[in-house]
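Enquirer: Data: input18.cif, mmCIF, N, CA and C atoms.
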data_data
#
loop_
_atom_site.label_atom_id
_atom_site.label_comp_id
_atom_site.auth_asym_id
_atom_site.auth_seq_id
_atom_site.Cartn_x
_atom_site.Cartn_y
_atom_site.Cartn_z
N MET A 310 90.06 107.60 72.76
CA MET A 310 90.79 108.11 73.91
C MET A 310 91.46 106.97 74.62
N GLY A 311 92.70 107.12 74.91
CA GLY A 311 93.43 106.10 75.65
C GLY A 311 93.12 106.17 77.13
N THR A 312 93.52 105.15 77.81
CA THR A 312 93.31 105.11 79.24
C THR A 312 94.50 105.75 79.93
N LEU A 313 94.25 106.63 80.85
CA LEU A 313 95.28 107.26 81.63
C LEU A 313 95.27 106.64 83.01
N ALA A 314 96.35 106.05 83.39
CA ALA A 314 96.45 105.48 84.73
C ALA A 314 97.63 106.12 85.42
N ALA A 315 97.47 106.51 86.65
CA ALA A 315 98.55 107.16 87.39
C ALA A 315 98.61 106.61 88.79
N ALA A 316 99.81 106.56 89.32
CA ALA A 316 99.97 106.17 90.72
C ALA A 316 100.07 107.45 91.52
N ILE A 317 99.15 107.65 92.41
CA ILE A 317 99.09 108.86 93.21
C ILE A 317 99.40 108.49 94.66
N PRO A 318 100.43 109.11 95.25
CA PRO A 318 100.71 108.81 96.64
C PRO A 318 99.55 109.26 97.51
N VAL A 319 99.18 108.44 98.44
CA VAL A 319 98.10 108.79 99.35
C VAL A 319 98.54 108.53 100.77
N THR A 320 97.91 109.21 101.68
CA THR A 320 98.16 108.99 103.09
C THR A 320 96.86 108.49 103.69
N ALA A 321 96.90 107.33 104.29
CA ALA A 321 95.70 106.78 104.91
C ALA A 321 95.38 107.60 106.16
N GLY A 322 94.18 107.49 106.62
CA GLY A 322 93.75 108.23 107.81
C GLY A 322 94.59 107.87 109.01
N PRO A 323 94.54 108.68 110.06
CA PRO A 323 95.37 108.44 111.23
C PRO A 323 94.99 107.14 111.92
N THR A 324 96.00 106.47 112.46
CA THR A 324 95.74 105.28 113.26
C THR A 324 96.43 105.48 114.60
N ALA A 325 95.77 105.16 115.65
CA ALA A 325 96.35 105.38 116.97
C ALA A 325 97.47 104.38 117.22
N ALA A 326 98.60 104.88 117.76
CA ALA A 326 99.74 104.01 118.02
C ALA A 326 99.45 103.09 119.21
N SER A 327 98.80 103.61 120.23
CA SER A 327 98.60 102.76 121.41
C SER A 327 97.18 102.81 121.93
N GLY A 328 96.33 103.56 121.27
CA GLY A 328 94.96 103.65 121.74
C GLY A 328 94.72 104.81 122.68
N HIS A 329 95.77 105.50 123.15
CA HIS A 329 95.59 106.66 124.01
C HIS A 329 95.36 107.89 123.15
N ALA A 330 94.47 108.75 123.56
CA ALA A 330 94.09 109.91 122.78
C ALA A 330 95.25 110.86 122.54
N GLY A 331 96.17 111.00 123.48
CA GLY A 331 97.25 111.96 123.33
C GLY A 331 98.45 111.44 122.58
N ASP A 332 98.47 110.18 122.22
CA ASP A 332 99.63 109.60 121.54
C ASP A 332 99.78 110.15 120.13
N ARG A 333 101.03 110.05 119.63
CA ARG A 333 101.28 110.44 118.25
C ARG A 333 100.47 109.57 117.31
N ARG A 334 100.16 110.08 116.19
CA ARG A 334 99.40 109.34 115.18
C ARG A 334 100.35 108.85 114.10
N ARG A 335 100.11 107.67 113.57
CA ARG A 335 100.86 107.13 112.44
C ARG A 335 100.00 107.22 111.19
N ARG A 336 100.66 107.40 110.08
CA ARG A 336 99.96 107.40 108.79
C ARG A 336 100.62 106.38 107.89
N ARG A 337 99.82 105.61 107.22
CA ARG A 337 100.36 104.66 106.26
C ARG A 337 100.48 105.34 104.91
N ARG A 338 101.56 105.05 104.23
CA ARG A 338 101.76 105.60 102.89
C ARG A 338 101.61 104.48 101.88
N GLY A 339 101.11 104.83 100.73
CA GLY A 339 100.93 103.85 99.68
C GLY A 339 100.63 104.57 98.38
N SER A 340 100.11 103.87 97.42
CA SER A 340 99.69 104.51 96.18
C SER A 340 98.41 103.86 95.70
N VAL A 341 97.67 104.64 94.95
CA VAL A 341 96.39 104.19 94.43
C VAL A 341 96.41 104.40 92.92
N ALA A 342 95.98 103.43 92.16
CA ALA A 342 95.87 103.59 90.71
C ALA A 342 94.56 104.29 90.40
N VAL A 343 94.64 105.33 89.59
CA VAL A 343 93.46 106.11 89.24
C VAL A 343 93.22 105.98 87.75
N ARG A 344 92.05 105.59 87.37
CA ARG A 344 91.70 105.49 85.95
C ARG A 344 90.86 106.71 85.58
N CYS A 345 91.30 107.41 84.55
CA CYS A 345 90.63 108.64 84.14
C CYS A 345 89.85 108.48 82.85
N SER A 346 89.95 107.34 82.20
CA SER A 346 89.36 107.20 80.87
C SER A 346 87.85 107.35 80.87
N SER A 347 87.15 106.77 81.81
CA SER A 347 85.69 106.84 81.76
C SER A 347 85.21 108.26 82.00
N ALA A 348 85.83 108.98 82.91
CA ALA A 348 85.44 110.36 83.15
C ALA A 348 85.71 111.23 81.93
N ALA A 349 86.87 111.02 81.30
CA ALA A 349 87.22 111.79 80.11
C ALA A 349 86.26 111.48 78.97
N ASP A 350 85.93 110.19 78.81
CA ASP A 350 85.00 109.80 77.76
C ASP A 350 83.62 110.41 77.99
N GLU A 351 83.19 110.43 79.25
CA GLU A 351 81.88 111.03 79.57
C GLU A 351 81.89 112.52 79.29
N ARG A 352 82.98 113.19 79.64
CA ARG A 352 83.09 114.63 79.40
C ARG A 352 83.08 114.92 77.90
N GLN A 353 83.81 114.09 77.14
CA GLN A 353 83.86 114.28 75.70
C GLN A 353 82.47 114.08 75.10
N ALA A 354 81.77 113.06 75.55
CA ALA A 354 80.42 112.80 75.05
C ALA A 354 79.48 113.95 75.40
N LEU A 355 79.62 114.49 76.60
CA LEU A 355 78.77 115.63 77.02
C LEU A 355 78.98 116.82 76.09
N PHE A 356 80.25 117.19 75.85
CA PHE A 356 80.51 118.36 75.00
C PHE A 356 80.11 118.11 73.56
N SER A 357 80.17 116.87 73.11
CA SER A 357 79.69 116.56 71.77
C SER A 357 78.17 116.69 71.69
N ARG A 358 77.49 116.26 72.75
CA ARG A 358 76.02 116.35 72.78
C ARG A 358 75.53 117.79 72.81
N ILE A 359 76.21 118.66 73.57
CA ILE A 359 75.72 120.03 73.72
C ILE A 359 76.27 120.98 72.66
N ALA A 360 77.12 120.48 71.75
CA ALA A 360 77.74 121.34 70.74
C ALA A 360 76.73 122.25 70.01
N PRO A 361 75.57 121.72 69.59
CA PRO A 361 74.64 122.59 68.87
C PRO A 361 74.09 123.77 69.69
N VAL A 362 74.07 123.62 71.01
CA VAL A 362 73.50 124.69 71.85
C VAL A 362 74.54 125.29 72.81
N TYR A 363 75.81 124.97 72.60
CA TYR A 363 76.89 125.39 73.49
C TYR A 363 76.93 126.90 73.69
N ASP A 364 76.88 127.65 72.60
CA ASP A 364 76.96 129.12 72.69
C ASP A 364 75.76 129.69 73.44
N HIS A 365 74.60 129.16 73.16
CA HIS A 365 73.39 129.63 73.87
C HIS A 365 73.50 129.30 75.36
N LEU A 366 73.99 128.12 75.69
CA LEU A 366 74.17 127.76 77.10
C LEU A 366 75.13 128.71 77.79
N ASN A 367 76.23 129.06 77.13
CA ASN A 367 77.17 130.03 77.70
C ASN A 367 76.48 131.36 77.98
N ASP A 368 75.65 131.81 77.05
CA ASP A 368 74.92 133.07 77.26
C ASP A 368 74.00 132.98 78.46
N VAL A 369 73.24 131.90 78.54
CA VAL A 369 72.26 131.74 79.62
C VAL A 369 72.96 131.56 80.97
N LEU A 370 73.89 130.63 81.02
CA LEU A 370 74.52 130.29 82.30
C LEU A 370 75.39 131.40 82.87
N SER A 371 75.99 132.22 81.99
CA SER A 371 76.85 133.30 82.48
C SER A 371 76.16 134.66 82.41
N LEU A 372 74.89 134.66 82.02
CA LEU A 372 74.14 135.91 81.83
C LEU A 372 74.88 136.84 80.85
N GLY A 373 75.50 136.24 79.85
CA GLY A 373 76.19 137.00 78.82
C GLY A 373 77.60 137.44 79.20
N GLN A 374 78.01 137.21 80.44
CA GLN A 374 79.32 137.65 80.91
C GLN A 374 80.48 136.96 80.19
N HIS A 375 80.23 135.74 79.66
CA HIS A 375 81.32 135.01 79.01
C HIS A 375 81.92 135.79 77.86
N ARG A 376 81.15 136.66 77.24
CA ARG A 376 81.68 137.47 76.13
C ARG A 376 82.74 138.45 76.64
N THR A 377 82.46 139.06 77.77
CA THR A 377 83.43 139.98 78.39
C THR A 377 84.66 139.21 78.84
N TRP A 378 84.45 138.06 79.48
CA TRP A 378 85.58 137.25 79.95
C TRP A 378 86.48 136.85 78.80
N LYS A 379 85.91 136.52 77.66
CA LYS A 379 86.71 136.11 76.50
C LYS A 379 87.53 137.28 75.95
N ARG A 380 86.93 138.47 75.92
CA ARG A 380 87.69 139.64 75.46
C ARG A 380 88.84 139.94 76.42
N ILE A 381 88.59 139.80 77.71
CA ILE A 381 89.64 140.01 78.70
C ILE A 381 90.74 138.97 78.52
N CYS A 382 90.36 137.72 78.29
CA CYS A 382 91.32 136.63 78.09
C CYS A 382 92.22 136.93 76.89
N VAL A 383 91.65 137.40 75.80
CA VAL A 383 92.43 137.73 74.61
C VAL A 383 93.38 138.88 74.91
N SER A 384 92.91 139.85 75.65
CA SER A 384 93.76 140.97 76.03
C SER A 384 94.94 140.50 76.88
N TRP A 385 94.67 139.64 77.84
CA TRP A 385 95.72 139.11 78.72
C TRP A 385 96.70 138.21 77.97
N SER A 386 96.28 137.64 76.85
CA SER A 386 97.16 136.76 76.09
C SER A 386 98.34 137.52 75.49
N MET A 387 98.20 138.81 75.36
CA MET A 387 99.21 139.68 74.75
C MET A 387 99.54 139.28 73.32
N ALA A 388 98.61 138.61 72.66
CA ALA A 388 98.80 138.27 71.24
C ALA A 388 98.86 139.56 70.44
N LYS A 389 99.71 139.57 69.43
CA LYS A 389 99.83 140.76 68.58
C LYS A 389 99.94 140.35 67.12
N ARG A 390 99.87 141.31 66.24
CA ARG A 390 99.93 141.05 64.80
C ARG A 390 101.09 140.14 64.46
N GLY A 391 100.81 139.12 63.65
CA GLY A 391 101.83 138.21 63.18
C GLY A 391 102.12 137.03 64.10
N ASP A 392 101.54 137.02 65.29
CA ASP A 392 101.78 135.92 66.22
C ASP A 392 101.09 134.64 65.77
N ARG A 393 101.61 133.52 66.25
CA ARG A 393 100.96 132.21 66.09
C ARG A 393 100.44 131.84 67.47
N VAL A 394 99.15 131.56 67.56
CA VAL A 394 98.55 131.25 68.86
C VAL A 394 97.78 129.94 68.79
N LEU A 395 97.65 129.32 69.96
CA LEU A 395 96.96 128.05 70.09
C LEU A 395 95.79 128.23 71.04
N ASP A 396 94.61 127.84 70.61
CA ASP A 396 93.42 127.87 71.45
C ASP A 396 93.07 126.43 71.82
N LEU A 397 93.47 126.04 73.03
CA LEU A 397 93.18 124.69 73.51
C LEU A 397 91.76 124.62 74.04
N CYS A 398 91.10 123.52 73.78
CA CYS A 398 89.68 123.37 74.20
C CYS A 398 88.87 124.51 73.60
N CYS A 399 88.99 124.70 72.31
CA CYS A 399 88.42 125.88 71.64
C CYS A 399 86.90 125.87 71.55
N GLY A 400 86.28 124.73 71.79
CA GLY A 400 84.82 124.70 71.73
C GLY A 400 84.33 125.13 70.37
N SER A 401 83.41 126.06 70.35
CA SER A 401 82.82 126.52 69.08
C SER A 401 83.61 127.64 68.44
N GLY A 402 84.77 127.98 69.01
CA GLY A 402 85.69 128.89 68.34
C GLY A 402 85.65 130.35 68.75
N ASP A 403 84.88 130.72 69.76
CA ASP A 403 84.78 132.14 70.12
C ASP A 403 86.13 132.80 70.34
N LEU A 404 86.97 132.19 71.16
CA LEU A 404 88.30 132.77 71.41
C LEU A 404 89.16 132.76 70.15
N ALA A 405 89.06 131.70 69.37
CA ALA A 405 89.84 131.63 68.13
C ALA A 405 89.49 132.79 67.20
N PHE A 406 88.20 133.14 67.11
CA PHE A 406 87.80 134.25 66.25
C PHE A 406 88.34 135.58 66.78
N LEU A 407 88.27 135.77 68.08
CA LEU A 407 88.80 137.00 68.68
C LEU A 407 90.33 137.07 68.52
N LEU A 408 91.00 135.94 68.74
CA LEU A 408 92.45 135.90 68.57
C LEU A 408 92.85 136.14 67.12
N SER A 409 92.05 135.65 66.20
CA SER A 409 92.31 135.83 64.78
C SER A 409 92.34 137.31 64.41
N GLN A 410 91.41 138.05 64.96
CA GLN A 410 91.38 139.50 64.71
C GLN A 410 92.63 140.17 65.28
N LYS A 411 93.08 139.67 66.41
CA LYS A 411 94.24 140.25 67.10
C LYS A 411 95.53 139.99 66.32
N VAL A 412 95.73 138.78 65.81
CA VAL A 412 96.98 138.44 65.12
C VAL A 412 96.96 138.84 63.65
N GLY A 413 95.78 139.10 63.11
CA GLY A 413 95.67 139.57 61.73
C GLY A 413 96.01 138.53 60.68
N LEU A 414 96.05 138.99 59.44
CA LEU A 414 96.30 138.09 58.31
C LEU A 414 97.70 137.50 58.32
N ASP A 415 98.65 138.18 58.96
CA ASP A 415 100.02 137.67 59.03
C ASP A 415 100.19 136.63 60.12
N GLY A 416 99.21 136.51 61.01
CA GLY A 416 99.30 135.56 62.12
C GLY A 416 98.57 134.27 61.81
N GLU A 417 98.55 133.41 62.81
CA GLU A 417 97.88 132.13 62.65
C GLU A 417 97.27 131.72 63.99
N VAL A 418 96.07 131.15 63.92
CA VAL A 418 95.40 130.63 65.11
C VAL A 418 95.09 129.16 64.85
N VAL A 419 95.44 128.32 65.81
CA VAL A 419 95.12 126.90 65.72
C VAL A 419 94.16 126.58 66.86
N GLY A 420 92.99 126.06 66.51
CA GLY A 420 92.01 125.66 67.51
C GLY A 420 92.01 124.15 67.67
N VAL A 421 92.06 123.68 68.92
CA VAL A 421 92.09 122.25 69.22
C VAL A 421 91.00 121.95 70.23
N ASP A 422 90.27 120.86 70.01
CA ASP A 422 89.25 120.44 70.97
C ASP A 422 89.10 118.93 70.88
N PHE A 423 88.78 118.29 71.98
CA PHE A 423 88.62 116.84 71.96
C PHE A 423 87.25 116.42 71.48
N SER A 424 86.36 117.38 71.26
CA SER A 424 85.03 117.09 70.75
C SER A 424 84.98 117.43 69.25
N GLY A 425 84.84 116.40 68.44
CA GLY A 425 84.71 116.62 67.01
C GLY A 425 83.50 117.47 66.66
N GLN A 426 82.43 117.31 67.42
CA GLN A 426 81.22 118.11 67.18
C GLN A 426 81.48 119.60 67.41
N GLN A 427 82.24 119.90 68.47
CA GLN A 427 82.58 121.31 68.75
C GLN A 427 83.42 121.88 67.61
N LEU A 428 84.38 121.09 67.12
CA LEU A 428 85.22 121.55 66.01
C LEU A 428 84.41 121.76 64.74
N GLN A 429 83.42 120.88 64.51
CA GLN A 429 82.55 121.06 63.34
C GLN A 429 81.75 122.35 63.46
N THR A 430 81.27 122.64 64.67
CA THR A 430 80.54 123.89 64.90
C THR A 430 81.45 125.09 64.63
N ALA A 431 82.67 125.04 65.14
CA ALA A 431 83.63 126.13 64.92
C ALA A 431 83.92 126.30 63.43
N ALA A 432 84.11 125.19 62.72
CA ALA A 432 84.41 125.26 61.28
C ALA A 432 83.23 125.84 60.51
N SER A 433 82.02 125.46 60.88
CA SER A 433 80.86 126.00 60.16
C SER A 433 80.67 127.49 60.47
N ARG A 434 80.97 127.89 61.68
CA ARG A 434 80.91 129.32 62.02
C ARG A 434 81.96 130.09 61.25
N GLN A 435 83.14 129.50 61.07
CA GLN A 435 84.20 130.14 60.30
C GLN A 435 83.76 130.35 58.86
N ASP A 436 83.07 129.36 58.29
CA ASP A 436 82.58 129.48 56.91
C ASP A 436 81.51 130.55 56.78
N GLN A 437 80.71 130.74 57.83
CA GLN A 437 79.60 131.70 57.78
C GLN A 437 80.04 133.14 58.02
N ARG A 438 81.19 133.32 58.62
CA ARG A 438 81.65 134.67 58.97
C ARG A 438 82.40 135.28 57.79
N TRP A 439 82.44 136.60 57.73
CA TRP A 439 82.97 137.26 56.55
C TRP A 439 84.34 137.90 56.71
N LYS A 440 84.88 138.00 57.91
CA LYS A 440 86.15 138.71 58.10
C LYS A 440 87.31 137.95 57.46
N ALA A 441 88.12 138.67 56.72
CA ALA A 441 89.24 138.05 56.00
C ALA A 441 90.22 137.37 56.96
N CYS A 442 90.40 137.94 58.15
CA CYS A 442 91.39 137.37 59.07
C CYS A 442 90.97 135.98 59.56
N TYR A 443 89.69 135.62 59.43
CA TYR A 443 89.26 134.30 59.89
C TYR A 443 89.84 133.17 59.03
N LYS A 444 90.43 133.55 57.89
CA LYS A 444 91.06 132.56 57.05
C LYS A 444 92.36 132.04 57.68
N ASN A 445 92.85 132.73 58.73
CA ASN A 445 94.09 132.31 59.38
C ASN A 445 93.86 131.31 60.51
N ILE A 446 92.64 130.82 60.65
CA ILE A 446 92.30 129.86 61.70
C ILE A 446 92.33 128.45 61.11
N LYS A 447 93.01 127.56 61.82
CA LYS A 447 93.06 126.16 61.41
C LYS A 447 92.45 125.33 62.51
#
Could you write out this structure as structure tokens?
Expert:
Amino acid sequence: MGTLAAAIPVTAGPTAASGHAGDRRRRRRGSVAVRCSSAADERQALFSRIAPVYDHLNDVLSLGQHRTWKRICVSWSMAKRGDRVLDLCCGSGDLAFLLSQKVGLDGEVVGVDFSGQQLQTAASRQDQRWKACYKNIK
């Protein structure tokens, strides 16, 4: 993962112009460099570590609601037969499998995730499942 650095405009806290409470306040403007690489690396490591139990965690933490949310998400995507769809941050592939059924054999689903472990889990689940349309997932 590369380092992402950005200059973000910031406004410093108010400073009194003359020390009187009713006076106008001045704000200093500047920019701050923000490094995102360590946070991204930590997040990637976390999702790689939990990959083997990711689906179970979703069940426990959402009390099973994540399954309903995913079906709603696929419905809102308006994907239809023959479409090409992209599942970003696909995790273990739940949405990709649902989208695959929606687009059918004429369609294509591409799953992308920054965790190689999550992608391996999704690929192994694809191999274990029997529906012909799952062959359209990359």
Enquirer: Using the chain letters and numbering of this document, enumerate as a PDB file with N, CA and C atoms, in the frame of the given file the residues selected by the PyMOL selection byres ((chain A and resi 443-445) around 7).
Expert:
ATOM      1  N   PHE A 406      88.200 133.140  67.110  1.00  0.00           N
ATOM      2  CA  PHE A 406      87.800 134.250  66.250  1.00  0.00           C
ATOM      3  C   PHE A 406      88.340 135.580  66.780  1.00  0.00           C
ATOM      4  N   SER A 409      92.050 135.650  66.200  1.00  0.00           N
ATOM      5  CA  SER A 409      92.310 135.830  64.780  1.00  0.00           C
ATOM      6  C   SER A 409      92.340 137.310  64.410  1.00  0.00           C
ATOM      7  N   GLN A 410      91.410 138.050  64.960  1.00  0.00           N
ATOM      8  CA  GLN A 410      91.380 139.500  64.710  1.00  0.00           C
ATOM      9  C   GLN A 410      92.630 140.170  65.280  1.00  0.00           C
ATOM     10  N   GLY A 413      95.780 139.100  63.110  1.00  0.00           N
ATOM     11  CA  GLY A 413      95.670 139.570  61.730  1.00  0.00           C
ATOM     12  C   GLY A 413      96.010 138.530  60.680  1.00  0.00           C
ATOM     13  N   LEU A 414      96.050 138.990  59.440  1.00  0.00           N
ATOM     14  CA  LEU A 414      96.300 138.090  58.310  1.00  0.00           C
ATOM     15  C   LEU A 414      97.700 137.500  58.320  1.00  0.00           C
ATOM     16  N   GLY A 416      99.210 136.510  61.010  1.00  0.00           N
ATOM     17  CA  GLY A 416      99.300 135.560  62.120  1.00  0.00           C
ATOM     18  C   GLY A 416      98.570 134.270  61.810  1.00  0.00           C
ATOM     19  N   GLU A 417      98.550 133.410  62.810  1.00  0.00           N
ATOM     20  CA  GLU A 417      97.880 132.130  62.650  1.00  0.00           C
ATOM     21  C   GLU A 417      97.270 131.720  63.990  1.00  0.00           C
ATOM     22  N   VAL A 418      96.070 131.150  63.920  1.00  0.00           N
ATOM     23  CA  VAL A 418      95.400 130.630  65.110  1.00  0.00           C
ATOM     24  C   VAL A 418      95.090 129.160  64.850  1.00  0.00           C
ATOM     25  N   VAL A 419      95.440 128.320  65.810  1.00  0.00           N
ATOM     26  CA  VAL A 419      95.120 126.900  65.720  1.00  0.00           C
ATOM     27  C   VAL A 419      94.160 126.580  66.860  1.00  0.00           C
ATOM     28  N   GLN A 435      83.140 129.500  61.070  1.00  0.00           N
ATOM     29  CA  GLN A 435      84.200 130.140  60.300  1.00  0.00           C
ATOM     30  C   GLN A 435      83.760 130.350  58.860  1.00  0.00           C
ATOM     31  N   TRP A 439      82.440 136.600  57.730  1.00  0.00           N
ATOM     32  CA  TRP A 439      82.970 137.260  56.550  1.00  0.00           C
ATOM     33  C   TRP A 439      84.340 137.900  56.710  1.00  0.00           C
ATOM     34  N   LYS A 440      84.880 138.000  57.910  1.00  0.00           N
ATOM     35  CA  LYS A 440      86.150 138.710  58.100  1.00  0.00           C
ATOM     36  C   LYS A 440      87.310 137.950  57.460  1.00  0.00           C
ATOM     37  N   ALA A 441      88.120 138.670  56.720  1.00  0.00           N
ATOM     38  CA  ALA A 441      89.240 138.050  56.000  1.00  0.00           C
ATOM     39  C   ALA A 441      90.220 137.370  56.960  1.00  0.00           C
ATOM     40  N   CYS A 442      90.400 137.940  58.150  1.00  0.00           N
ATOM     41  CA  CYS A 442      91.390 137.370  59.070  1.00  0.00           C
ATOM     42  C   CYS A 442      90.970 135.980  59.560  1.00  0.00           C
ATOM     43  N   ILE A 446      92.640 130.820  60.650  1.00  0.00           N
ATOM     44  CA  ILE A 446      92.300 129.860  61.700  1.00  0.00           C
ATOM     45  C   ILE A 446      92.330 128.450  61.110  1.00  0.00           C
ATOM     46  N   LYS A 447      93.010 127.560  61.820  1.00  0.00           N
ATOM     47  CA  LYS A 447      93.060 126.160  61.410  1.00  0.00           C
ATOM     48  C   LYS A 447      92.450 125.330  62.510  1.00  0.00           C
TER      49      LYS A 447
END
Enquirer: Return the single residue from A:Ser371, A:Ser357, A:Thr377, A:Gln437 that is closest to Asp422 (chain A), with distances computed using only C-alpha atoms.
Expert: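 When distances to Asp422 (chain A) are compared using only C-alpha atoms, the smallest one comes from A:Ser357.
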Enquirer: Which residues, written as a ChimeraX atom specification, have at least one atom at most 7 Å from Gln426 (chain A), with all atoms listed in the file counted and residues fewer than 4 positions away on the same chain left out?
Expert: /A:356-358,360-361,400,430-431
Enquirer: For Cys399 (chain A), which of A:Asn367, A:Ser347, A:Gln427, A:Gln374 is the closest residue, counting only N, CA and C atoms?
Expert: A:Gln427
Enquirer: In Å, rounded to a single decimal, give me how far CA of Leu372 (chain A) is from CA of Trp385 (chain A).
Expert: 22.0 Å
Enquirer: Would you translate the PyMOL selection byres ((chain A and resi 394) around 8) into the concrete set of residues it matches in this file, as JSON, numbers by chain?
Expert: {"A": [388, 391, 392, 393, 395, 396, 397, 408, 412, 416, 417, 418, 419, 420]}
Enquirer: Quick one: apply the PyMOL selection byres (((chain A and resi 382 and name CA) around 12) and name CA) to the file and drop the selected residues here as an MDAnalysis selection string.
Expert: chainID A and resid 375:381 383:388 396 403:405 407:408 411
Enquirer: Quick check, in Å to one decimal: how far apart do atom N of Ala349 (chain A) and CA of Val421 (chain A) lie?
Expert: 17.3 Å
Enquirer: From the options A:Ala432, A:Arg352, A:His365, A:Arg390, which residue's atoms come nearest to Gly402 (chain A), counting only N, CA and C atoms?
Expert: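 Answer, going by the shortest atom-to-atom distance: A:Ala432.
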Enquirer: Report the distance between CA of Gln353 (chain A) and CA of Ser424 (chain A) in Å, rounded to one decimal place.
Expert: 5.8 Å
